[in-house]
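S.K.: Handing over coords.cif, mmCIF, C-alpha atoms and all ligand atoms.
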```cif
data_model
loop_
_atom_site.label_atom_id
_atom_site.label_comp_id
_atom_site.auth_asym_id
_atom_site.auth_seq_id
_atom_site.Cartn_x
_atom_site.Cartn_y
_atom_site.Cartn_z
CA MET F 1 103.12 -34.73 96.36
CA GLU F 2 100.87 -32.34 94.41
CA GLN F 3 97.12 -32.85 95.03
CA THR F 4 96.30 -33.25 91.33
CA LEU F 5 93.33 -35.53 92.05
CA LYS F 6 91.81 -33.65 94.99
CA GLY F 7 88.07 -34.27 95.26
CA LYS F 8 88.03 -36.90 92.50
CA HIS F 9 86.11 -40.13 93.09
CA ILE F 10 87.88 -43.15 91.64
CA VAL F 11 86.66 -46.76 91.63
CA LEU F 12 89.72 -49.02 91.51
CA GLY F 13 88.80 -52.48 90.20
CA ILE F 14 91.21 -55.30 90.99
CA THR F 15 90.99 -58.75 89.41
CA GLY F 16 92.76 -62.06 89.98
CA GLY F 17 96.21 -61.71 88.52
CA ILE F 18 99.68 -61.62 90.06
CA ALA F 19 99.96 -57.92 89.08
CA ALA F 20 97.36 -57.26 91.81
CA TYR F 21 100.30 -56.68 94.16
CA LYS F 22 101.10 -53.54 92.12
CA SER F 23 97.53 -52.29 92.68
CA ALA F 24 98.34 -51.58 96.31
CA TYR F 25 101.05 -49.17 95.17
CA LEU F 26 98.76 -47.64 92.55
CA LEU F 27 96.12 -47.14 95.25
CA ARG F 28 98.68 -45.40 97.45
CA LEU F 29 99.69 -43.09 94.58
CA LEU F 30 96.05 -42.18 93.87
CA ILE F 31 95.38 -41.45 97.54
CA LYS F 32 98.55 -39.37 97.86
CA ALA F 33 97.44 -37.34 94.81
CA GLY F 34 94.25 -36.47 96.73
CA ALA F 35 91.71 -38.89 95.21
CA GLU F 36 88.98 -40.65 97.18
CA VAL F 37 89.26 -44.30 96.11
CA GLN F 38 86.78 -47.13 96.48
CA VAL F 39 88.31 -50.53 95.81
CA VAL F 40 86.13 -53.20 94.17
CA ILE F 41 87.84 -56.58 93.99
CA THR F 42 86.80 -59.86 92.35
CA PRO F 43 86.76 -63.08 94.43
CA ASN F 44 89.95 -64.24 92.65
CA GLY F 45 91.58 -60.86 93.22
CA LYS F 46 91.41 -61.53 96.97
CA GLU F 47 93.62 -64.59 96.46
CA PHE F 48 96.41 -62.26 95.32
CA ILE F 49 96.06 -59.33 97.71
CA THR F 50 94.13 -59.04 100.94
CA PRO F 51 91.17 -56.68 101.38
CA ALA F 52 92.73 -55.69 104.75
CA THR F 53 95.76 -54.15 102.98
CA LEU F 54 93.58 -52.33 100.47
CA ALA F 55 91.13 -51.08 103.12
CA ALA F 56 94.01 -49.75 105.20
CA LEU F 57 95.47 -47.88 102.23
CA SER F 58 92.16 -46.47 100.95
CA GLY F 59 90.57 -45.82 104.34
CA LYS F 60 87.38 -47.54 103.11
CA PRO F 61 86.07 -51.09 103.39
CA VAL F 62 86.75 -52.99 100.20
CA VAL F 63 83.70 -54.05 98.17
CA SER F 64 83.70 -57.55 96.76
CA GLU F 65 80.43 -59.35 97.40
CA PHE F 66 76.92 -58.29 96.43
CA PHE F 67 75.94 -58.51 100.13
CA ALA F 68 77.95 -57.58 103.25
CA ALA F 69 78.95 -60.76 105.14
CA ASN F 70 77.60 -59.89 108.61
CA THR F 71 74.68 -57.57 108.04
CA GLY F 72 73.47 -58.86 104.68
CA GLU F 73 73.39 -55.22 103.57
CA TRP F 74 73.24 -54.87 99.78
CA HIS F 75 76.21 -53.15 98.10
CA SER F 76 74.71 -50.94 95.44
CA HIS F 77 76.71 -51.14 92.21
CA VAL F 78 74.38 -48.47 90.81
CA ASP F 79 75.33 -45.99 93.56
CA LEU F 80 79.01 -46.82 93.03
CA GLY F 81 78.67 -46.37 89.29
CA LEU F 82 77.12 -42.94 89.79
CA TRP F 83 79.63 -41.93 92.50
CA SER F 84 82.64 -42.62 90.31
CA ASP F 85 84.32 -39.87 88.28
CA LEU F 86 86.60 -42.52 86.82
CA MET F 87 86.85 -46.29 87.01
CA VAL F 88 90.29 -47.89 86.68
CA ILE F 89 90.55 -51.67 86.41
CA ALA F 90 94.14 -52.67 87.13
CA PRO F 91 95.02 -55.43 86.67
CA ALA F 92 92.34 -56.63 84.26
CA THR F 93 92.52 -60.34 83.46
CA ALA F 94 91.44 -61.89 80.15
CA SER F 95 88.43 -63.33 81.97
CA THR F 96 87.23 -59.97 83.31
CA ILE F 97 87.81 -58.33 79.93
CA GLY F 98 85.69 -61.05 78.29
CA LYS F 99 82.92 -60.55 80.87
CA MET F 100 82.97 -56.79 80.33
CA VAL F 101 82.59 -57.29 76.59
CA SER F 102 79.68 -59.71 77.00
CA GLY F 103 78.03 -58.01 79.98
CA VAL F 104 78.39 -61.06 82.26
CA ALA F 105 77.47 -59.35 85.53
CA ASP F 106 78.27 -62.19 87.92
CA ASN F 107 80.48 -60.20 90.31
CA MET F 108 80.53 -56.74 91.86
CA LEU F 109 83.31 -55.49 89.60
CA VAL F 110 81.67 -56.23 86.25
CA THR F 111 78.30 -55.11 87.62
CA THR F 112 79.81 -51.81 88.71
CA TYR F 113 81.43 -51.44 85.27
CA LEU F 114 78.06 -51.92 83.58
CA SER F 115 76.52 -49.27 85.86
CA ALA F 116 79.37 -46.75 85.60
CA LYS F 117 78.46 -43.46 83.94
CA SER F 118 82.08 -42.36 84.15
CA HIS F 119 85.04 -42.97 81.87
CA VAL F 120 86.68 -46.39 82.31
CA MET F 121 90.37 -47.27 82.00
CA VAL F 122 91.56 -50.85 81.78
CA ALA F 123 95.15 -51.99 82.40
CA PRO F 124 95.31 -55.60 81.16
CA ALA F 125 97.78 -58.07 82.66
CA MET F 126 98.20 -61.64 81.48
CA ASP F 127 100.58 -64.12 79.96
CA LEU F 128 101.92 -63.28 76.49
CA ASP F 129 99.98 -66.02 74.67
CA MET F 130 96.73 -65.05 76.35
CA TRP F 131 97.32 -61.41 75.39
CA ALA F 132 98.14 -62.32 71.78
CA HIS F 133 95.16 -64.68 71.45
CA PRO F 134 92.67 -63.49 68.78
CA SER F 135 89.87 -63.76 71.35
CA THR F 136 91.60 -61.32 73.72
CA GLN F 137 92.49 -58.97 70.87
CA ARG F 138 88.89 -59.06 69.60
CA ASN F 139 87.65 -58.26 73.11
CA ILE F 140 90.11 -55.39 73.49
CA ALA F 141 88.96 -53.94 70.14
CA THR F 142 85.33 -54.20 71.29
CA LEU F 143 86.07 -52.47 74.61
CA MET F 144 87.83 -49.67 72.71
CA ALA F 145 84.84 -49.30 70.40
CA ASP F 146 82.67 -49.11 73.56
CA GLY F 147 84.74 -46.08 74.64
CA VAL F 148 86.93 -47.85 77.23
CA GLU F 149 90.50 -46.55 77.41
CA ILE F 150 93.05 -49.34 77.26
CA ILE F 151 96.36 -48.84 79.04
CA GLN F 152 98.41 -51.19 76.90
CA PRO F 153 100.50 -53.77 78.75
CA GLY F 154 104.26 -53.57 78.50
CA SER F 155 106.82 -56.19 77.50
CA GLY F 156 109.18 -57.95 79.85
CA GLU F 157 109.44 -60.94 82.14
CA LEU F 158 106.04 -62.33 83.09
CA ALA F 159 104.86 -64.34 86.09
CA SER F 160 105.22 -67.50 83.96
CA HIS F 161 108.95 -66.59 83.59
CA LEU F 162 108.34 -66.24 79.88
CA THR F 163 109.24 -62.93 78.28
CA GLY F 164 106.82 -60.98 76.11
CA LYS F 165 103.91 -58.53 76.08
CA GLY F 166 101.40 -58.80 78.90
CA ARG F 167 102.88 -57.01 81.94
CA MET F 168 100.54 -54.54 83.56
CA GLU F 169 101.71 -50.96 83.01
CA GLU F 170 103.64 -49.51 85.96
CA PRO F 171 101.56 -47.71 88.64
CA GLU F 172 103.36 -44.38 88.02
CA GLU F 173 102.33 -44.45 84.34
CA ILE F 174 98.73 -45.38 85.24
CA LEU F 175 98.68 -42.42 87.66
CA ARG F 176 99.94 -40.16 84.84
CA ARG F 177 97.10 -41.38 82.57
CA VAL F 178 94.58 -40.74 85.36
CA GLU F 179 95.91 -37.21 85.88
CA ALA F 180 95.89 -36.56 82.12
CA PHE F 181 92.25 -37.72 81.95
CA PHE F 182 91.12 -35.25 84.62
CA LYS F 183 93.14 -32.42 83.09
CA LYS F 184 91.53 -33.05 79.70
CA LYS F 185 88.11 -33.38 81.32
CA GLU F 186 87.98 -29.67 81.98
CA SER F 187 89.67 -28.49 78.81
CA LEU F 188 86.38 -27.49 77.12
CA SER F 189 84.56 -26.42 80.23
CA GLY F 190 82.41 -23.33 79.59
CA LYS F 191 82.42 -23.94 75.83
CA HIS F 192 79.37 -24.65 73.69
CA VAL F 193 80.11 -27.15 70.95
CA VAL F 194 77.71 -27.86 68.07
CA VAL F 195 78.05 -31.19 66.26
CA THR F 196 76.14 -32.40 63.20
CA ALA F 197 75.99 -36.17 62.71
CA GLY F 198 74.49 -38.87 60.53
CA PRO F 199 72.81 -38.67 57.15
CA THR F 200 69.94 -36.51 55.96
CA TYR F 201 66.89 -38.03 54.31
CA GLU F 202 65.20 -36.13 51.49
CA ASN F 203 61.65 -37.30 50.94
CA ILE F 204 60.41 -38.41 47.53
CA ASP F 205 56.97 -39.46 48.76
CA PRO F 206 55.61 -40.68 52.14
CA VAL F 207 57.52 -44.00 51.84
CA ARG F 208 60.71 -43.17 49.92
CA PHE F 209 63.67 -40.90 50.38
CA ILE F 210 67.16 -40.09 49.11
CA GLY F 211 69.71 -40.83 51.83
CA ASN F 212 73.19 -42.21 52.42
CA TYR F 213 75.02 -44.78 54.54
CA SER F 214 76.16 -42.53 57.39
CA SER F 215 75.49 -44.18 60.77
CA GLY F 216 76.24 -41.13 62.92
CA LYS F 217 79.02 -43.02 64.79
CA MET F 218 81.68 -40.41 63.99
CA GLY F 219 79.55 -37.44 65.05
CA PHE F 220 78.26 -39.14 68.20
CA ALA F 221 81.84 -39.98 69.20
CA ILE F 222 82.78 -36.30 68.79
CA ALA F 223 79.79 -35.22 70.88
CA GLU F 224 80.64 -37.71 73.65
CA GLU F 225 84.30 -36.69 73.68
CA ALA F 226 83.48 -32.95 73.77
CA ALA F 227 81.04 -33.55 76.65
CA ALA F 228 83.67 -35.62 78.47
CA ARG F 229 85.96 -32.59 78.23
CA GLY F 230 83.40 -30.41 79.97
CA ALA F 231 81.66 -28.78 76.99
CA ARG F 232 77.94 -28.18 76.64
CA VAL F 233 77.10 -29.98 73.40
CA THR F 234 74.27 -29.54 70.93
CA LEU F 235 74.16 -32.67 68.79
CA ILE F 236 72.07 -32.25 65.65
CA ALA F 237 71.46 -35.75 64.37
CA GLY F 238 69.98 -37.01 61.16
CA PRO F 239 68.03 -40.30 61.22
CA VAL F 240 70.33 -42.75 63.07
CA ALA F 241 69.87 -45.70 65.41
CA LEU F 242 72.33 -44.46 68.06
CA GLN F 243 71.71 -43.32 71.62
CA THR F 244 73.37 -40.75 73.84
CA SER F 245 73.29 -40.59 77.59
CA HIS F 246 75.73 -37.84 78.61
CA PRO F 247 73.79 -35.16 80.52
CA ALA F 248 75.78 -32.36 78.82
CA ILE F 249 74.57 -33.42 75.36
CA GLU F 250 71.35 -31.89 74.06
CA ARG F 251 70.28 -34.00 71.10
CA ILE F 252 68.09 -32.52 68.37
CA ASP F 253 66.80 -35.02 65.80
CA VAL F 254 66.24 -33.82 62.25
CA ARG F 255 65.49 -35.50 58.94
CA SER F 256 66.31 -33.29 55.98
CA ALA F 257 69.19 -30.96 55.12
CA ARG F 258 66.87 -27.96 55.46
CA GLU F 259 65.85 -29.03 58.99
CA MET F 260 69.51 -29.60 59.86
CA LEU F 261 70.42 -26.14 58.54
CA HIS F 262 67.65 -24.51 60.59
CA GLN F 263 68.77 -26.20 63.85
CA ALA F 264 72.46 -25.62 63.09
CA GLU F 265 71.92 -21.89 62.52
CA ASN F 266 69.97 -21.64 65.79
CA ALA F 267 72.65 -23.43 67.81
CA PHE F 268 75.52 -21.67 66.02
CA ALA F 269 74.38 -18.27 67.31
CA ASP F 270 75.89 -18.79 70.78
CA CYS F 271 78.42 -21.56 70.15
CA ASP F 272 82.22 -21.48 70.35
CA ILE F 273 83.00 -24.47 68.17
CA ALA F 274 81.00 -26.22 65.42
CA ILE F 275 82.06 -29.58 64.01
CA LEU F 276 80.12 -30.70 60.94
CA SER F 277 80.49 -34.44 60.50
CA ALA F 278 77.04 -35.06 58.98
CA ALA F 279 76.80 -36.50 55.49
CA VAL F 280 74.30 -33.97 54.20
CA ALA F 281 72.47 -34.79 50.96
CA ASP F 282 73.55 -32.28 48.34
CA TYR F 283 70.27 -32.64 46.42
CA ALA F 284 66.61 -33.09 47.34
CA PRO F 285 63.59 -33.90 45.16
CA ALA F 286 62.10 -30.68 43.79
CA GLU F 287 58.73 -31.88 45.09
CA CYS F 288 57.63 -34.48 47.60
CA ALA F 289 54.51 -36.36 46.45
CA ASP F 290 51.63 -36.28 48.95
CA SER F 291 50.82 -39.94 48.45
CA LYS F 292 52.84 -43.00 47.45
CA ILE F 293 53.94 -42.86 43.81
CA LYS F 294 52.36 -45.88 42.13
CA ARG F 295 54.52 -48.28 40.15
CA GLU F 296 51.70 -49.04 37.68
CA LYS F 297 51.36 -45.43 36.56
CA THR F 298 54.65 -45.20 34.60
CA ASP F 299 57.24 -47.46 32.97
CA GLY F 300 60.00 -45.24 34.28
CA MET F 301 60.32 -41.87 35.91
CA THR F 302 62.67 -38.92 36.08
CA LEU F 303 63.18 -37.36 39.47
CA GLN F 304 63.83 -33.63 39.36
CA LEU F 305 66.34 -32.63 42.05
CA VAL F 306 67.19 -29.24 43.47
CA LYS F 307 70.37 -28.27 45.29
CA ASN F 308 70.21 -28.34 49.09
CA PRO F 309 71.65 -25.47 51.11
CA ASP F 310 75.29 -25.95 52.13
CA ILE F 311 75.20 -25.85 55.94
CA ALA F 312 78.97 -25.54 56.33
CA ALA F 313 79.24 -22.70 53.80
CA THR F 314 76.26 -20.89 55.37
CA LEU F 315 77.81 -21.05 58.84
CA GLY F 316 81.19 -20.14 57.34
CA LYS F 317 79.74 -16.80 56.22
CA GLU F 318 78.53 -16.02 59.77
CA LYS F 319 81.59 -17.48 61.50
CA GLY F 320 83.02 -14.50 63.37
CA SER F 321 85.44 -15.73 66.05
CA ARG F 322 83.92 -19.21 66.25
CA ILE F 323 85.92 -22.28 65.26
CA LEU F 324 84.31 -24.09 62.33
CA VAL F 325 85.44 -27.60 61.41
CA GLY F 326 84.16 -29.63 58.47
CA PHE F 327 84.68 -33.12 57.15
CA ALA F 328 85.51 -34.24 53.64
CA LEU F 329 84.56 -37.71 52.51
CA GLU F 330 86.39 -38.36 49.29
CA THR F 331 86.97 -41.21 46.86
CA ASP F 332 89.87 -39.64 44.92
CA HIS F 333 92.24 -36.64 45.00
CA GLU F 334 91.42 -36.52 48.71
CA MET F 335 93.79 -33.75 49.80
CA GLU F 336 93.16 -31.38 46.88
CA ASN F 337 89.38 -31.72 47.13
CA ALA F 338 89.42 -31.29 50.90
CA ALA F 339 91.71 -28.23 50.75
CA ARG F 340 89.30 -26.64 48.25
CA LYS F 341 86.33 -27.30 50.56
CA LEU F 342 88.24 -25.79 53.50
CA ILE F 343 88.66 -22.52 51.58
CA ASN F 344 85.23 -22.43 49.89
CA LYS F 345 83.37 -23.07 53.16
CA ASN F 346 85.62 -20.74 55.24
CA LEU F 347 86.59 -23.52 57.67
CA ASP F 348 89.36 -23.46 60.25
CA MET F 349 90.07 -27.14 59.82
CA ILE F 350 88.86 -30.02 57.68
CA VAL F 351 88.91 -33.72 58.58
CA VAL F 352 89.68 -35.81 55.51
CA ASN F 353 88.58 -39.44 55.34
CA SER F 354 88.61 -41.64 52.29
CA LEU F 355 86.09 -44.22 51.11
CA GLN F 356 89.04 -46.09 49.56
CA ASN F 357 90.27 -46.97 53.05
CA PRO F 358 88.63 -50.13 54.47
CA LEU F 359 89.17 -48.82 58.03
CA ALA F 360 87.47 -45.49 57.34
CA GLY F 361 84.11 -44.07 56.44
CA PHE F 362 80.45 -45.02 56.75
CA ASN F 363 79.28 -47.21 59.61
CA LYS F 364 82.77 -48.39 60.57
CA ASP F 365 83.90 -48.40 64.20
CA THR F 366 87.26 -47.03 63.09
CA ASN F 367 88.36 -44.11 60.97
CA GLN F 368 91.63 -42.91 59.52
CA VAL F 369 91.89 -39.18 59.04
CA THR F 370 94.16 -36.37 57.99
CA LEU F 371 93.50 -32.95 59.48
CA ILE F 372 94.16 -29.92 57.29
CA LYS F 373 94.19 -26.51 58.93
CA ALA F 374 93.50 -23.12 57.37
CA ASP F 375 97.23 -22.27 57.55
CA ASN F 376 97.69 -25.18 55.11
CA THR F 377 99.48 -27.43 57.61
CA SER F 378 98.29 -31.01 57.82
CA LYS F 379 98.60 -33.95 60.17
CA ALA F 380 97.91 -37.58 59.23
CA PHE F 381 96.83 -40.10 61.85
CA PRO F 382 96.81 -43.92 61.81
CA ALA F 383 93.52 -45.84 61.88
CA LYS F 384 91.90 -45.59 65.31
CA THR F 385 88.51 -46.10 66.92
CA LYS F 386 86.10 -43.27 66.16
CA ARG F 387 86.25 -42.18 69.83
CA GLU F 388 90.05 -41.89 69.57
CA VAL F 389 89.72 -40.00 66.28
CA ALA F 390 87.29 -37.65 68.05
CA ALA F 391 89.93 -37.07 70.74
CA ASP F 392 92.57 -36.29 68.08
CA ILE F 393 90.21 -33.82 66.37
CA LEU F 394 89.41 -32.06 69.65
CA ASP F 395 93.09 -31.96 70.66
CA GLU F 396 93.83 -30.09 67.42
CA ILE F 397 90.82 -27.80 67.85
CA GLU F 398 92.02 -26.93 71.35
CA LYS F 399 95.30 -25.80 69.83
CA LEU F 400 93.34 -23.41 67.57
CA LYS F 401 91.50 -21.76 70.50
O1 LIG G 1 78.38 -41.43 60.32
P1 LIG G 1 79.45 -42.50 60.14
O2 LIG G 1 78.86 -43.80 59.62
O3 LIG G 1 80.27 -42.68 61.38
O4 LIG G 1 80.44 -42.00 58.99
C1 LIG G 1 81.21 -40.86 59.20
C2 LIG G 1 81.30 -40.00 57.92
C3 LIG G 1 81.97 -40.80 56.82
C4 LIG G 1 79.90 -39.57 57.48
C5 LIG G 1 82.14 -38.73 58.33
O5 LIG G 1 83.41 -39.12 58.75
C6 LIG G 1 82.26 -37.76 57.17
O6 LIG G 1 83.15 -37.83 56.36
N1 LIG G 1 81.31 -36.79 57.11
C7 LIG G 1 81.19 -35.83 56.00
C8 LIG G 1 80.57 -36.49 54.82
C9 LIG G 1 80.31 -35.52 53.70
O7 LIG G 1 79.17 -35.27 53.41
O8 LIG G 1 81.37 -34.95 53.20
P2 LIG G 1 81.31 -33.84 52.02
O9 LIG G 1 82.70 -33.85 51.52
O10 LIG G 1 80.23 -34.14 51.06
O11 LIG G 1 80.96 -32.49 52.76
C10 LIG G 1 81.94 -31.56 53.19
C11 LIG G 1 81.51 -30.84 54.45
O12 LIG G 1 80.39 -30.00 54.17
C12 LIG G 1 81.05 -31.75 55.56
O13 LIG G 1 81.47 -31.16 56.78
C13 LIG G 1 79.53 -31.75 55.47
O14 LIG G 1 78.90 -31.95 56.73
C14 LIG G 1 79.28 -30.34 54.96
N2 LIG G 1 78.11 -30.21 54.11
C15 LIG G 1 78.00 -30.88 52.93
C16 LIG G 1 76.90 -30.67 52.12
C17 LIG G 1 75.88 -29.78 52.54
N3 LIG G 1 74.81 -29.58 51.80
N4 LIG G 1 76.01 -29.14 53.71
C18 LIG G 1 77.09 -29.33 54.49
O15 LIG G 1 77.20 -28.75 55.57
#
```
Using structure tokens, write down the structure that the file contains.

M.R.:
Amino acid sequence: MEQTLKGKHIVLGITGGIAAYKSAYLLRLLIKAGAEVQVVITPNGKEFITPATLAALSGKPVVSEFFAANTGEWHSHVDLGLWSDLMVIAPATASTIGKMVSGVADNMLVTTYLSAKSHVMVAPAMDLDMWAHPSTQRNIATLMADGVEIIQPGSGELASHLTGKGRMEEPEEILRRVEAFFKKKESLSGKHVVVTAGPTYENIDPVRFIGNYSSGKMGFAIAEEAAARGARVTLIAGPVALQTSHPAIERIDVRSAREMLHQAENAFADCDIAILSAAVADYAPAECADSKIKREKTDGMTLQLVKNPDIAATLGKEKGSRILVGFALETDHEMENAARKLINKNLDMIVVNSLQNPLAGFNKDTNQVTLIKADNTSKAFPAKTKREVAADILDEIEKLK
């Protein structure tokens, strides 16, 4: 068997479901593909498969308790979380999924999940009614929004002898997803990606500004996904409440369109790809008052606005061989308006999202986009989490390279 996972550190989480018997085979496949695997099993998981079997297959003692039985030695979930290049939880019961969503760290597996810096894949397994329950579906949606990759269960006969959706995906398919993850992980290695995200704020006086509703979620998802694929990322963020932790992301906080332009031009000089998802204010007050404008002084006021620089168009003029991708947020005539922006700003691709779509746009966890390329071809995608949309955008960019 080809050593596709040589040198990779994988934490395999096993929870208490009948599909745990398949985890032994998955473990064997991962080991045969060259991975180093540390099994972490919940107390209920041990009722379905013995730690002795898993230790023999992985060549490592299985971790289950916070403290080793004989020596009292503490098992460090933090060390495990840092060691892992990928965490795969298969099978994942409804209970473990619920604990992951809520951060209930009452066993080694969930504690390791909360400490993991790596990507996490979850292969749920449960009875059809449990899977279909709104609570489970809500939890799955939350995990996806948290960036967890869900390996959807299949349909067929279940342990209850009922037939329906809830069977854990087959070990061969989980192995394929693991291999695909590591292949993708290096796809942008050596590349410098610049991402703009969030709104810009244009000051009126020391307490007021012109801004918009952008949360930065879309841009941060793109930055995280590019970093996960091995890129060095410069994330130029307007005022947002989000955090980033990936070591390959250098975050530069800005406030106004002019500050964003300045940082974008700096970073653009040595970048390979720039993705402009920020909602940049098109206008700024002609002057910013030095002190708070007093309500008593006038019955009304007219604010004089001046046009802000167009960051995308400015970079478009200096593009050279770089790949430049913009966004278009539209309320009507989406495709025509976006296609015009693509040409006017000299972009290689534009990501169209519509404010008419309740699953798209500002501050949502999902987005629904159509990608239009400079050769006038387009591709429409269904609504997905912003992290998945980021993956679709980067997949298409990689085809342009
Ligand atoms: O941040 P979220 O809450 O997750 O929301 C995501 C989003 C809706 C902000 C995002 O998906 C999006 O659509 N971003 C672009 C919004 C926008 O300003 O679109 P636009 O059609 O006005 O601008 C077109 C392109 O030119 C964009 O790439 C924009 O970054 C860029 N632009 C616009 C004006 C300007 N002065 N300079 C620019 O660079």

S.K.: Atom CA of Met1 of chain F and atom CA of Gly34 of chain F are how many Å apart?

M.R.: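 One can read the atom CA of Met1 of chain F to atom CA of Gly34 of chain F distance as 9.0 Å.
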
S.K.: Could the residues that lie within 7 Å of ligand LIG 1 (chain G), counting all atoms listed in the file, be listed as a ChimeraX atom specification?

M.R.: /F:197-199,213-219,257,276-282,308-313,326-330,341,352-353,361-364

S.K.: Between atom CA of Gly59 of chain F and atom CA of Thr112 of chain F, measure the distance and give it in Å to one decimal.

M.R.: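 These atoms are spaced 19.9 Å apart.
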
S.K.: Atom CA of Glu225 of chain F to atom CA of Lys386 of chain F: how many Å, to one decimal?

M.R.: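 Computing the Euclidean distance for atom CA of Glu225 of chain F and atom CA of Lys386 of chain F yields 10.2 Å.
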
S.K.: Just want the 7 Å neighbourhood of segment 134-142 of chain F, counted on all atoms listed in the file, with same-chain residues fewer than 3 positions away dropped. Output as a list in words.

M.R.: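 So the residues in contact are Ala94, Ile97, Gly98, Val101, Met130, Trp131, Ala145 and Asp146 of chain F.
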
S.K.: Could you write out the selected residues, including C-alpha atoms, as a PDB file, keeping the file's coordinate frame?

M.R.:
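Contents of the output file selection_19.pdb:
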```pdb
ATOM      1  CA  ALA F  94      91.440 -61.890  80.150  1.00  0.00           C
ATOM      2  CA  ILE F  97      87.810 -58.330  79.930  1.00  0.00           C
ATOM      3  CA  GLY F  98      85.690 -61.050  78.290  1.00  0.00           C
ATOM      4  CA  VAL F 101      82.590 -57.290  76.590  1.00  0.00           C
ATOM      5  CA  MET F 130      96.730 -65.050  76.350  1.00  0.00           C
ATOM      6  CA  TRP F 131      97.320 -61.410  75.390  1.00  0.00           C
ATOM      7  CA  ALA F 145      84.840 -49.300  70.400  1.00  0.00           C
ATOM      8  CA  ASP F 146      82.670 -49.110  73.560  1.00  0.00           C
TER       9      ASP F 146
END
```

S.K.: Can you tell me which residues surround Ser115 of chain F at a distance of at most 9 Å, considering all atoms listed in the file, apart from same-chain residues fewer than 6 positions away, and format the answer as a list in words?

M.R.: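 The contact residues come out as His77, Val78, Asp79, Leu80, Gly81 and Leu82 of chain F.
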